[in-house]
file run.txt (compact mmCIF, N, CA, C and O atoms)
# COMPACT_ATOMS: atom_id res chain seq x y z
N THR A 1 3.09 23.00 12.51
CA THR A 1 2.47 21.99 11.67
C THR A 1 1.07 21.68 12.20
O THR A 1 0.84 21.73 13.41
N PRO A 2 0.15 21.35 11.31
CA PRO A 2 -1.19 20.99 11.78
C PRO A 2 -1.15 19.71 12.60
O PRO A 2 -0.32 18.83 12.35
N SER A 3 -2.02 19.63 13.57
CA SER A 3 -2.05 18.42 14.38
C SER A 3 -3.49 18.06 14.70
O SER A 3 -4.38 18.88 14.64
N LEU A 4 -3.68 16.82 15.04
CA LEU A 4 -4.99 16.29 15.40
C LEU A 4 -4.87 15.75 16.81
O LEU A 4 -4.14 14.79 17.05
N ALA A 5 -5.57 16.38 17.76
CA ALA A 5 -5.49 15.94 19.15
C ALA A 5 -6.41 14.76 19.37
O ALA A 5 -7.62 14.87 19.23
N ILE A 6 -5.85 13.60 19.67
CA ILE A 6 -6.63 12.41 19.96
C ILE A 6 -6.99 12.41 21.44
O ILE A 6 -8.09 12.07 21.82
N HIS A 7 -6.08 12.79 22.25
CA HIS A 7 -6.25 12.90 23.69
C HIS A 7 -5.31 14.01 24.13
O HIS A 7 -4.38 14.36 23.41
N SER A 8 -5.52 14.55 25.28
CA SER A 8 -4.68 15.66 25.71
C SER A 8 -3.20 15.27 25.79
O SER A 8 -2.34 16.11 25.62
N ARG A 9 -2.91 14.00 26.01
CA ARG A 9 -1.52 13.56 26.09
C ARG A 9 -0.94 13.16 24.74
O ARG A 9 0.27 13.15 24.56
N TYR A 10 -1.80 12.76 23.81
CA TYR A 10 -1.33 12.24 22.54
C TYR A 10 -1.77 13.17 21.41
O TYR A 10 -2.91 13.57 21.33
N THR A 11 -0.84 13.47 20.54
CA THR A 11 -1.15 14.30 19.39
C THR A 11 -0.58 13.64 18.15
O THR A 11 0.58 13.22 18.14
N LEU A 12 -1.41 13.52 17.13
CA LEU A 12 -0.97 12.99 15.85
C LEU A 12 -0.54 14.16 14.99
O LEU A 12 -1.34 15.02 14.65
N ARG A 13 0.72 14.22 14.68
CA ARG A 13 1.25 15.32 13.87
C ARG A 13 1.11 14.97 12.39
O ARG A 13 1.59 13.93 11.94
N LEU A 14 0.47 15.83 11.67
CA LEU A 14 0.31 15.64 10.23
C LEU A 14 1.53 16.21 9.53
O LEU A 14 1.88 17.37 9.74
N ARG A 15 2.18 15.39 8.72
CA ARG A 15 3.37 15.83 8.01
C ARG A 15 3.01 16.13 6.57
O ARG A 15 2.52 15.26 5.85
N PRO A 16 3.27 17.35 6.12
CA PRO A 16 2.89 17.70 4.75
C PRO A 16 3.70 16.96 3.69
O PRO A 16 3.25 16.83 2.55
N ASP A 17 4.87 16.43 4.04
CA ASP A 17 5.70 15.76 3.04
C ASP A 17 5.40 14.27 2.90
O ASP A 17 5.87 13.63 1.98
N MET A 18 4.58 13.72 3.79
CA MET A 18 4.29 12.29 3.75
C MET A 18 3.23 11.96 2.71
O MET A 18 2.29 12.72 2.51
N ASP A 19 3.37 10.83 2.04
CA ASP A 19 2.40 10.37 1.05
C ASP A 19 1.35 9.52 1.77
O ASP A 19 1.50 8.31 1.91
N TYR A 20 0.29 10.16 2.22
CA TYR A 20 -0.74 9.48 3.01
C TYR A 20 -1.48 8.42 2.20
O TYR A 20 -1.81 7.36 2.73
N ILE A 21 -1.74 8.70 0.93
CA ILE A 21 -2.47 7.74 0.10
C ILE A 21 -1.66 6.44 -0.04
O ILE A 21 -2.21 5.34 0.09
N SER A 22 -0.36 6.57 -0.27
CA SER A 22 0.48 5.38 -0.39
C SER A 22 0.60 4.63 0.94
O SER A 22 0.66 3.40 0.96
N ALA A 23 0.64 5.37 2.03
CA ALA A 23 0.71 4.72 3.35
C ALA A 23 -0.56 3.91 3.61
O ALA A 23 -0.49 2.78 4.11
N ILE A 24 -1.71 4.45 3.25
CA ILE A 24 -2.97 3.73 3.41
C ILE A 24 -3.01 2.51 2.48
O ILE A 24 -3.44 1.43 2.88
N TYR A 25 -2.54 2.69 1.26
CA TYR A 25 -2.45 1.58 0.30
C TYR A 25 -1.58 0.46 0.86
O TYR A 25 -1.93 -0.73 0.80
N GLY A 26 -0.44 0.81 1.45
CA GLY A 26 0.44 -0.18 2.06
C GLY A 26 -0.24 -0.92 3.20
O GLY A 26 -0.11 -2.14 3.34
N ALA A 27 -0.99 -0.17 4.02
CA ALA A 27 -1.72 -0.80 5.13
C ALA A 27 -2.78 -1.77 4.61
O ALA A 27 -2.96 -2.86 5.16
N VAL A 28 -3.47 -1.38 3.55
CA VAL A 28 -4.50 -2.26 2.96
C VAL A 28 -3.86 -3.55 2.43
O VAL A 28 -4.39 -4.65 2.65
N VAL A 29 -2.71 -3.43 1.78
CA VAL A 29 -2.02 -4.62 1.26
C VAL A 29 -1.58 -5.53 2.41
O VAL A 29 -1.77 -6.75 2.35
N ALA A 30 -1.02 -4.95 3.46
CA ALA A 30 -0.57 -5.75 4.61
C ALA A 30 -1.75 -6.43 5.31
O ALA A 30 -1.68 -7.62 5.64
N ILE A 31 -2.82 -5.70 5.51
CA ILE A 31 -4.02 -6.27 6.15
C ILE A 31 -4.60 -7.37 5.26
O ILE A 31 -5.05 -8.41 5.76
N GLY A 32 -4.57 -7.18 3.95
CA GLY A 32 -5.02 -8.22 3.03
C GLY A 32 -4.22 -9.49 3.15
O GLY A 32 -4.76 -10.59 3.08
N GLY A 33 -2.91 -9.35 3.35
CA GLY A 33 -2.07 -10.53 3.56
C GLY A 33 -2.44 -11.27 4.83
O GLY A 33 -2.50 -12.50 4.86
N LEU A 34 -2.71 -10.52 5.88
CA LEU A 34 -3.14 -11.12 7.14
C LEU A 34 -4.49 -11.83 6.99
O LEU A 34 -4.67 -12.95 7.48
N ILE A 35 -5.41 -11.20 6.30
CA ILE A 35 -6.73 -11.79 6.09
C ILE A 35 -6.61 -13.07 5.25
O ILE A 35 -7.28 -14.07 5.53
N GLY A 36 -5.75 -13.05 4.23
CA GLY A 36 -5.53 -14.25 3.42
C GLY A 36 -5.01 -15.41 4.24
O GLY A 36 -5.39 -16.56 4.01
N TYR A 37 -4.17 -15.10 5.21
CA TYR A 37 -3.66 -16.15 6.08
C TYR A 37 -4.73 -16.67 7.02
O TYR A 37 -4.90 -17.88 7.19
N VAL A 38 -5.50 -15.76 7.62
CA VAL A 38 -6.53 -16.16 8.58
C VAL A 38 -7.65 -16.96 7.90
O VAL A 38 -8.08 -17.99 8.40
N LYS A 39 -8.11 -16.49 6.73
CA LYS A 39 -9.24 -17.13 6.07
C LYS A 39 -8.87 -18.41 5.32
O LYS A 39 -9.62 -19.37 5.33
N ALA A 40 -7.72 -18.39 4.66
CA ALA A 40 -7.37 -19.53 3.80
C ALA A 40 -6.13 -20.28 4.27
O ALA A 40 -5.76 -21.28 3.65
N GLY A 41 -5.48 -19.78 5.31
CA GLY A 41 -4.27 -20.43 5.78
C GLY A 41 -3.09 -20.26 4.83
O GLY A 41 -2.15 -21.04 4.86
N SER A 42 -3.13 -19.22 4.00
CA SER A 42 -2.10 -19.00 2.99
C SER A 42 -0.90 -18.28 3.61
O SER A 42 -0.93 -17.08 3.86
N VAL A 43 0.16 -19.03 3.81
CA VAL A 43 1.40 -18.44 4.34
C VAL A 43 2.02 -17.51 3.30
O VAL A 43 2.60 -16.48 3.64
N THR A 44 1.85 -17.83 2.02
CA THR A 44 2.36 -16.97 0.95
C THR A 44 1.70 -15.60 1.00
O THR A 44 2.38 -14.57 0.88
N SER A 45 0.37 -15.57 1.18
CA SER A 45 -0.33 -14.29 1.31
C SER A 45 0.18 -13.51 2.51
O SER A 45 0.38 -12.29 2.43
N LEU A 46 0.38 -14.20 3.60
CA LEU A 46 0.88 -13.55 4.81
C LEU A 46 2.26 -12.93 4.56
O LEU A 46 2.48 -11.74 4.82
N LEU A 47 3.19 -13.73 4.05
CA LEU A 47 4.56 -13.25 3.86
C LEU A 47 4.65 -12.11 2.85
O LEU A 47 5.21 -11.05 3.14
N PHE A 48 4.08 -12.33 1.66
CA PHE A 48 4.20 -11.33 0.63
C PHE A 48 3.31 -10.11 0.88
O PHE A 48 3.72 -8.98 0.62
N GLY A 49 2.11 -10.33 1.39
CA GLY A 49 1.22 -9.21 1.69
C GLY A 49 1.81 -8.29 2.74
O GLY A 49 1.86 -7.07 2.57
N VAL A 50 2.28 -8.88 3.83
CA VAL A 50 2.87 -8.06 4.90
C VAL A 50 4.18 -7.43 4.44
O VAL A 50 4.44 -6.25 4.69
N ALA A 51 5.01 -8.19 3.73
CA ALA A 51 6.29 -7.64 3.26
C ALA A 51 6.08 -6.46 2.31
O ALA A 51 6.68 -5.39 2.48
N PHE A 52 5.21 -6.64 1.31
CA PHE A 52 4.94 -5.55 0.38
C PHE A 52 4.24 -4.39 1.09
O PHE A 52 4.61 -3.23 0.89
N GLY A 53 3.25 -4.69 1.90
CA GLY A 53 2.50 -3.63 2.57
C GLY A 53 3.35 -2.80 3.49
O GLY A 53 3.30 -1.56 3.46
N VAL A 54 4.17 -3.45 4.31
CA VAL A 54 5.04 -2.72 5.24
C VAL A 54 6.09 -1.92 4.47
O VAL A 54 6.38 -0.76 4.82
N THR A 55 6.64 -2.50 3.41
CA THR A 55 7.63 -1.77 2.62
C THR A 55 7.01 -0.55 1.94
O THR A 55 7.62 0.53 1.93
N ILE A 56 5.82 -0.69 1.41
CA ILE A 56 5.14 0.44 0.78
C ILE A 56 4.84 1.53 1.81
O ILE A 56 5.09 2.71 1.57
N ALA A 57 4.29 1.13 2.95
CA ALA A 57 3.97 2.12 3.99
C ALA A 57 5.24 2.80 4.49
O ALA A 57 5.26 4.02 4.69
N TRP A 58 6.30 2.03 4.69
CA TRP A 58 7.57 2.60 5.15
C TRP A 58 8.11 3.61 4.14
O TRP A 58 8.54 4.71 4.51
N ALA A 59 8.09 3.25 2.86
CA ALA A 59 8.59 4.15 1.82
C ALA A 59 7.73 5.42 1.74
O ALA A 59 8.26 6.52 1.53
N ALA A 60 6.43 5.27 1.93
CA ALA A 60 5.54 6.44 1.89
C ALA A 60 5.81 7.39 3.04
O ALA A 60 5.71 8.61 2.89
N ILE A 61 6.16 6.83 4.19
CA ILE A 61 6.39 7.66 5.38
C ILE A 61 7.81 8.20 5.42
O ILE A 61 8.02 9.39 5.66
N LYS A 62 8.79 7.36 5.19
CA LYS A 62 10.19 7.74 5.35
C LYS A 62 10.85 8.29 4.09
O LYS A 62 11.83 9.02 4.18
N LEU A 63 10.36 7.90 2.92
CA LEU A 63 11.00 8.32 1.67
C LEU A 63 9.99 8.97 0.71
O LEU A 63 9.88 8.56 -0.45
N PRO A 64 9.25 9.98 1.16
CA PRO A 64 8.22 10.56 0.28
C PRO A 64 8.81 11.28 -0.93
O PRO A 64 8.12 11.47 -1.93
N ASP A 65 10.10 11.63 -0.87
CA ASP A 65 10.74 12.31 -1.99
C ASP A 65 11.30 11.33 -3.03
O ASP A 65 11.89 11.74 -4.02
N LYS A 66 11.10 10.01 -2.81
CA LYS A 66 11.57 8.99 -3.74
C LYS A 66 10.39 8.08 -4.16
O LYS A 66 10.33 6.91 -3.79
N PRO A 67 9.47 8.63 -4.95
CA PRO A 67 8.29 7.84 -5.32
C PRO A 67 8.59 6.69 -6.28
O PRO A 67 7.72 5.85 -6.51
N MET A 68 9.81 6.60 -6.82
CA MET A 68 10.13 5.51 -7.74
C MET A 68 10.04 4.16 -7.03
O MET A 68 9.61 3.18 -7.63
N ILE A 69 10.40 4.11 -5.76
CA ILE A 69 10.29 2.86 -4.99
C ILE A 69 8.83 2.43 -4.93
O ILE A 69 8.50 1.27 -5.17
N LEU A 70 7.95 3.37 -4.63
CA LEU A 70 6.52 3.07 -4.56
C LEU A 70 5.98 2.67 -5.92
O LEU A 70 5.16 1.76 -6.02
N LEU A 71 6.45 3.34 -6.95
CA LEU A 71 5.99 3.04 -8.31
C LEU A 71 6.38 1.61 -8.72
O LEU A 71 5.56 0.87 -9.25
N VAL A 72 7.61 1.21 -8.43
CA VAL A 72 8.08 -0.14 -8.79
C VAL A 72 7.29 -1.20 -8.01
O VAL A 72 6.81 -2.18 -8.60
N LEU A 73 7.12 -1.00 -6.70
CA LEU A 73 6.37 -1.97 -5.90
C LEU A 73 4.92 -2.07 -6.37
O LEU A 73 4.35 -3.16 -6.44
N SER A 74 4.32 -0.93 -6.70
CA SER A 74 2.94 -0.93 -7.18
C SER A 74 2.81 -1.62 -8.52
O SER A 74 1.84 -2.34 -8.78
N CYS A 75 3.80 -1.43 -9.40
CA CYS A 75 3.80 -2.11 -10.70
C CYS A 75 3.90 -3.62 -10.53
O CYS A 75 3.19 -4.37 -11.20
N VAL A 76 4.78 -4.06 -9.64
CA VAL A 76 4.93 -5.49 -9.40
C VAL A 76 3.61 -6.08 -8.90
O VAL A 76 3.16 -7.12 -9.40
N LEU A 77 2.99 -5.42 -7.93
CA LEU A 77 1.71 -5.92 -7.42
C LEU A 77 0.63 -5.90 -8.49
O LEU A 77 -0.19 -6.82 -8.57
N ALA A 78 0.60 -4.85 -9.32
CA ALA A 78 -0.41 -4.76 -10.38
C ALA A 78 -0.26 -5.92 -11.36
O ALA A 78 -1.25 -6.54 -11.75
N VAL A 79 0.97 -6.25 -11.74
CA VAL A 79 1.20 -7.34 -12.70
C VAL A 79 0.87 -8.69 -12.07
O VAL A 79 0.11 -9.49 -12.65
N VAL A 80 1.42 -8.96 -10.89
CA VAL A 80 1.21 -10.26 -10.25
C VAL A 80 -0.26 -10.50 -9.94
O VAL A 80 -0.82 -11.55 -10.28
N MET A 81 -0.90 -9.53 -9.33
CA MET A 81 -2.30 -9.72 -8.96
C MET A 81 -3.22 -9.63 -10.18
O MET A 81 -4.26 -10.28 -10.21
N GLY A 82 -2.82 -8.86 -11.18
CA GLY A 82 -3.59 -8.81 -12.42
C GLY A 82 -3.59 -10.16 -13.12
O GLY A 82 -4.63 -10.62 -13.63
N LEU A 83 -2.43 -10.82 -13.16
CA LEU A 83 -2.35 -12.15 -13.77
C LEU A 83 -3.17 -13.17 -12.97
O LEU A 83 -3.83 -14.03 -13.56
N ARG A 84 -3.14 -13.06 -11.64
CA ARG A 84 -3.96 -13.97 -10.81
C ARG A 84 -5.44 -13.75 -11.08
O ARG A 84 -6.22 -14.69 -11.16
N PHE A 85 -5.82 -12.48 -11.25
CA PHE A 85 -7.22 -12.18 -11.54
C PHE A 85 -7.63 -12.73 -12.90
O PHE A 85 -8.72 -13.30 -13.05
N LEU A 86 -6.75 -12.60 -13.90
CA LEU A 86 -7.07 -13.11 -15.24
C LEU A 86 -7.20 -14.63 -15.27
O LEU A 86 -7.92 -15.17 -16.09
N ARG A 87 -6.49 -15.31 -14.36
CA ARG A 87 -6.61 -16.77 -14.28
C ARG A 87 -7.89 -17.20 -13.59
O ARG A 87 -8.50 -18.20 -13.96
N SER A 88 -8.31 -16.46 -12.56
CA SER A 88 -9.44 -16.91 -11.75
C SER A 88 -10.74 -16.13 -11.98
O SER A 88 -11.81 -16.63 -11.72
N PHE A 89 -10.62 -14.89 -12.45
CA PHE A 89 -11.76 -13.98 -12.60
C PHE A 89 -12.52 -13.78 -11.29
O PHE A 89 -13.71 -13.49 -11.29
N LYS A 90 -11.82 -13.93 -10.16
CA LYS A 90 -12.39 -13.63 -8.85
C LYS A 90 -11.88 -12.26 -8.43
O LYS A 90 -10.67 -12.04 -8.34
N PHE A 91 -12.82 -11.36 -8.18
CA PHE A 91 -12.41 -9.99 -7.85
C PHE A 91 -11.68 -9.93 -6.50
O PHE A 91 -10.75 -9.15 -6.33
N MET A 92 -12.13 -10.72 -5.55
CA MET A 92 -11.49 -10.71 -4.23
C MET A 92 -10.53 -11.87 -4.12
O MET A 92 -10.93 -13.01 -4.37
N PRO A 93 -9.33 -11.65 -3.74
CA PRO A 93 -8.64 -10.41 -3.45
C PRO A 93 -7.83 -9.87 -4.63
O PRO A 93 -7.46 -8.71 -4.65
N SER A 94 -7.56 -10.76 -5.61
CA SER A 94 -6.61 -10.37 -6.67
C SER A 94 -7.10 -9.20 -7.51
O SER A 94 -6.31 -8.31 -7.85
N GLY A 95 -8.37 -9.16 -7.84
CA GLY A 95 -8.89 -8.06 -8.64
C GLY A 95 -8.85 -6.73 -7.91
O GLY A 95 -8.53 -5.69 -8.49
N LEU A 96 -9.16 -6.78 -6.62
CA LEU A 96 -9.12 -5.56 -5.81
C LEU A 96 -7.71 -5.02 -5.69
O LEU A 96 -7.47 -3.83 -5.91
N VAL A 97 -6.76 -5.88 -5.38
CA VAL A 97 -5.37 -5.44 -5.23
C VAL A 97 -4.82 -4.97 -6.58
O VAL A 97 -4.10 -3.96 -6.64
N ALA A 98 -5.16 -5.65 -7.65
CA ALA A 98 -4.72 -5.22 -8.98
C ALA A 98 -5.29 -3.85 -9.32
O ALA A 98 -4.57 -2.98 -9.84
N THR A 99 -6.56 -3.62 -9.01
CA THR A 99 -7.19 -2.33 -9.28
C THR A 99 -6.55 -1.22 -8.45
O THR A 99 -6.21 -0.16 -8.99
N LEU A 100 -6.39 -1.46 -7.16
CA LEU A 100 -5.75 -0.46 -6.29
C LEU A 100 -4.32 -0.18 -6.76
O LEU A 100 -3.87 0.97 -6.75
N SER A 101 -3.62 -1.23 -7.18
CA SER A 101 -2.25 -1.06 -7.65
C SER A 101 -2.19 -0.26 -8.94
O SER A 101 -1.31 0.59 -9.11
N LEU A 102 -3.13 -0.50 -9.84
CA LEU A 102 -3.16 0.27 -11.09
C LEU A 102 -3.47 1.74 -10.82
O LEU A 102 -2.89 2.63 -11.46
N VAL A 103 -4.37 2.00 -9.89
CA VAL A 103 -4.66 3.39 -9.50
C VAL A 103 -3.40 4.04 -8.94
O VAL A 103 -3.06 5.19 -9.26
N GLN A 104 -2.70 3.31 -8.10
CA GLN A 104 -1.47 3.81 -7.50
C GLN A 104 -0.40 4.06 -8.57
O GLN A 104 0.29 5.08 -8.54
N VAL A 105 -0.28 3.15 -9.53
CA VAL A 105 0.68 3.33 -10.62
C VAL A 105 0.33 4.59 -11.43
O VAL A 105 1.20 5.40 -11.76
N GLY A 106 -0.95 4.75 -11.73
CA GLY A 106 -1.38 5.94 -12.46
C GLY A 106 -1.11 7.23 -11.68
O GLY A 106 -0.63 8.22 -12.24
N ARG A 107 -1.40 7.19 -10.40
CA ARG A 107 -1.20 8.38 -9.56
C ARG A 107 0.27 8.73 -9.45
O ARG A 107 0.67 9.89 -9.61
N LEU A 108 1.11 7.73 -9.20
CA LEU A 108 2.55 7.99 -9.08
C LEU A 108 3.17 8.32 -10.43
O LEU A 108 4.06 9.18 -10.51
N GLY A 109 2.72 7.64 -11.49
CA GLY A 109 3.22 7.93 -12.82
C GLY A 109 2.88 9.35 -13.25
O GLY A 109 3.69 10.03 -13.88
N TRP A 110 1.71 9.81 -12.87
CA TRP A 110 1.28 11.17 -13.19
C TRP A 110 2.20 12.19 -12.54
O TRP A 110 2.47 13.24 -13.10
N SER A 111 2.70 11.88 -11.34
CA SER A 111 3.58 12.81 -10.65
C SER A 111 4.93 12.98 -11.36
O SER A 111 5.62 13.96 -11.15
N TYR A 112 5.30 12.00 -12.19
CA TYR A 112 6.56 12.09 -12.94
C TYR A 112 6.41 12.91 -14.22
O TYR A 112 7.39 13.30 -14.81
N MET A 113 5.19 13.12 -14.66
CA MET A 113 4.97 13.87 -15.91
C MET A 113 5.15 15.35 -15.73
O MET A 113 5.15 15.94 -14.78
call {"tool": "encode", "arguments": {"input": "run.txt", "output": "structure tokens"}}
result
Amino acid sequence: TPSLAIHSRYTLRLRPDMDYISAIYGAVVAIGGLIGYVKAGSVTSLLFGVAFGVTIAWAAIKLPDKPMILLVLSCVLAVVMGLRFLRSFKFMPSGLVATLSLVQVGRLGWSYM
């Protein structure tokens, strides 16, 4: 398997079956939840952002052959954050997460066609 040597002792193994795009998307969602908590003190952002982000990243890494889980989570985030964006018309953070979620839904939905 291809690998990326970070240091002579540590090697990052690239797995061809892992959904890297979804894993990065999950990390962005989780980090967004943390930022929401730090900047605004929003415990809801912390709980849901980290919960969704970690679940998405976990599914992308451990269950790459079951994209339906990722598709459902991405749809939920697209709807919830899309509605928040339509109420506030503030792109950050709801518009960004809604846009990323819609891209993810399109990408995963395309894989089912």
call {"tool": "closest_residue", "arguments": {"input": "run.txt", "among": "A:Ala98, A:Leu77, A:Met92, A:Ala30", "to": "A:Val54", "atoms": "only C-alpha atoms"}}
result
A:Ala30
call {"tool": "closest_residue", "arguments": {"input": "run.txt", "among": "A:Ala60, A:Ile24, A:Ala51, A:Leu71", "to": "A:Gly109", "atoms": "only N, CA, C and O atoms"}}
result
A:Leu71
call {"tool": "closest_residue", "arguments": {"input": "run.txt", "among": "A:Val28, A:Gly82, A:Ser94, A:Ile56", "to": "A:Leu70", "atoms": "only C-alpha atoms"}}
result
A:Ile56
call {"tool": "closest_residue", "arguments": {"input": "run.txt", "among": "A:Ala59, A:Ala27, A:Met113, A:Val43", "to": "A:Val97", "atoms": "only C-alpha atoms"}}
result
A:Ala27
call {"tool": "closest_residue", "arguments": {"input": "run.txt", "among": "A:Val29, A:Met68, A:Leu34, A:Ile61", "to": "A:Leu108", "atoms": "only C-alpha atoms"}}
result
A:Met68
call {"tool": "build_atoms", "arguments": {"input": "run.txt", "residues": "stretch 49-58 of chain A", "atoms": "all heavy atoms", "output": "PDB file, in the coordinates of the input"}}
result
ATOM      1  N   GLY A  49       2.110 -10.330   1.390  1.00  0.00           N
ATOM      2  CA  GLY A  49       1.220  -9.210   1.690  1.00  0.00           C
ATOM      3  C   GLY A  49       1.810  -8.290   2.740  1.00  0.00           C
ATOM      4  O   GLY A  49       1.860  -7.070   2.570  1.00  0.00           O
ATOM      5  N   VAL A  50       2.280  -8.880   3.830  1.00  0.00           N
ATOM      6  CA  VAL A  50       2.870  -8.060   4.900  1.00  0.00           C
ATOM      7  C   VAL A  50       4.180  -7.430   4.440  1.00  0.00           C
ATOM      8  O   VAL A  50       4.440  -6.250   4.690  1.00  0.00           O
ATOM      9  CB  VAL A  50       3.048  -8.895   6.187  1.00  0.00           C
ATOM     10  CG1 VAL A  50       3.851  -8.138   7.221  1.00  0.00           C
ATOM     11  CG2 VAL A  50       1.691  -9.281   6.750  1.00  0.00           C
ATOM     12  N   ALA A  51       5.010  -8.190   3.730  1.00  0.00           N
ATOM     13  CA  ALA A  51       6.290  -7.640   3.260  1.00  0.00           C
ATOM     14  C   ALA A  51       6.080  -6.460   2.310  1.00  0.00           C
ATOM     15  O   ALA A  51       6.680  -5.390   2.480  1.00  0.00           O
ATOM     16  CB  ALA A  51       7.108  -8.731   2.581  1.00  0.00           C
ATOM     17  N   PHE A  52       5.210  -6.640   1.310  1.00  0.00           N
ATOM     18  CA  PHE A  52       4.940  -5.550   0.380  1.00  0.00           C
ATOM     19  C   PHE A  52       4.240  -4.390   1.090  1.00  0.00           C
ATOM     20  O   PHE A  52       4.610  -3.230   0.890  1.00  0.00           O
ATOM     21  CB  PHE A  52       4.080  -6.040  -0.795  1.00  0.00           C
ATOM     22  CG  PHE A  52       4.873  -6.509  -1.971  1.00  0.00           C
ATOM     23  CD1 PHE A  52       5.360  -7.802  -2.032  1.00  0.00           C
ATOM     24  CD2 PHE A  52       5.123  -5.670  -3.031  1.00  0.00           C
ATOM     25  CE1 PHE A  52       6.091  -8.255  -3.113  1.00  0.00           C
ATOM     26  CE2 PHE A  52       5.853  -6.096  -4.127  1.00  0.00           C
ATOM     27  CZ  PHE A  52       6.342  -7.400  -4.172  1.00  0.00           C
ATOM     28  N   GLY A  53       3.250  -4.690   1.900  1.00  0.00           N
ATOM     29  CA  GLY A  53       2.500  -3.630   2.570  1.00  0.00           C
ATOM     30  C   GLY A  53       3.350  -2.800   3.490  1.00  0.00           C
ATOM     31  O   GLY A  53       3.300  -1.560   3.460  1.00  0.00           O
ATOM     32  N   VAL A  54       4.170  -3.450   4.310  1.00  0.00           N
ATOM     33  CA  VAL A  54       5.040  -2.720   5.240  1.00  0.00           C
ATOM     34  C   VAL A  54       6.090  -1.920   4.470  1.00  0.00           C
ATOM     35  O   VAL A  54       6.380  -0.760   4.820  1.00  0.00           O
ATOM     36  CB  VAL A  54       5.685  -3.695   6.242  1.00  0.00           C
ATOM     37  CG1 VAL A  54       6.798  -3.031   7.026  1.00  0.00           C
ATOM     38  CG2 VAL A  54       4.629  -4.249   7.190  1.00  0.00           C
ATOM     39  N   THR A  55       6.640  -2.500   3.410  1.00  0.00           N
ATOM     40  CA  THR A  55       7.630  -1.770   2.620  1.00  0.00           C
ATOM     41  C   THR A  55       7.010  -0.550   1.940  1.00  0.00           C
ATOM     42  O   THR A  55       7.620   0.530   1.930  1.00  0.00           O
ATOM     43  CB  THR A  55       8.259  -2.697   1.554  1.00  0.00           C
ATOM     44  OG1 THR A  55       8.789  -3.855   2.203  1.00  0.00           O
ATOM     45  CG2 THR A  55       9.360  -1.997   0.794  1.00  0.00           C
ATOM     46  N   ILE A  56       5.820  -0.690   1.410  1.00  0.00           N
ATOM     47  CA  ILE A  56       5.140   0.440   0.780  1.00  0.00           C
ATOM     48  C   ILE A  56       4.840   1.530   1.810  1.00  0.00           C
ATOM     49  O   ILE A  56       5.090   2.710   1.570  1.00  0.00           O
ATOM     50  CB  ILE A  56       3.862  -0.031   0.057  1.00  0.00           C
ATOM     51  CG1 ILE A  56       4.225  -0.840  -1.176  1.00  0.00           C
ATOM     52  CG2 ILE A  56       2.962   1.151  -0.307  1.00  0.00           C
ATOM     53  CD1 ILE A  56       3.072  -1.619  -1.786  1.00  0.00           C
ATOM     54  N   ALA A  57       4.290   1.130   2.950  1.00  0.00           N
ATOM     55  CA  ALA A  57       3.970   2.120   3.990  1.00  0.00           C
ATOM     56  C   ALA A  57       5.240   2.800   4.490  1.00  0.00           C
ATOM     57  O   ALA A  57       5.260   4.020   4.690  1.00  0.00           O
ATOM     58  CB  ALA A  57       3.224   1.445   5.138  1.00  0.00           C
ATOM     59  N   TRP A  58       6.300   2.030   4.690  1.00  0.00           N
ATOM     60  CA  TRP A  58       7.570   2.600   5.150  1.00  0.00           C
ATOM     61  C   TRP A  58       8.110   3.610   4.140  1.00  0.00           C
ATOM     62  O   TRP A  58       8.540   4.710   4.510  1.00  0.00           O
ATOM     63  CB  TRP A  58       8.578   1.484   5.386  1.00  0.00           C
ATOM     64  CG  TRP A  58       9.934   1.991   5.754  1.00  0.00           C
ATOM     65  CD1 TRP A  58      10.360   2.416   6.978  1.00  0.00           C
ATOM     66  CD2 TRP A  58      11.045   2.149   4.868  1.00  0.00           C
ATOM     67  NE1 TRP A  58      11.661   2.816   6.904  1.00  0.00           N
ATOM     68  CE2 TRP A  58      12.113   2.664   5.622  1.00  0.00           C
ATOM     69  CE3 TRP A  58      11.232   1.899   3.512  1.00  0.00           C
ATOM     70  CZ2 TRP A  58      13.352   2.934   5.063  1.00  0.00           C
ATOM     71  CZ3 TRP A  58      12.470   2.168   2.957  1.00  0.00           C
ATOM     72  CH2 TRP A  58      13.510   2.673   3.727  1.00  0.00           C
TER      73      TRP A  58
END
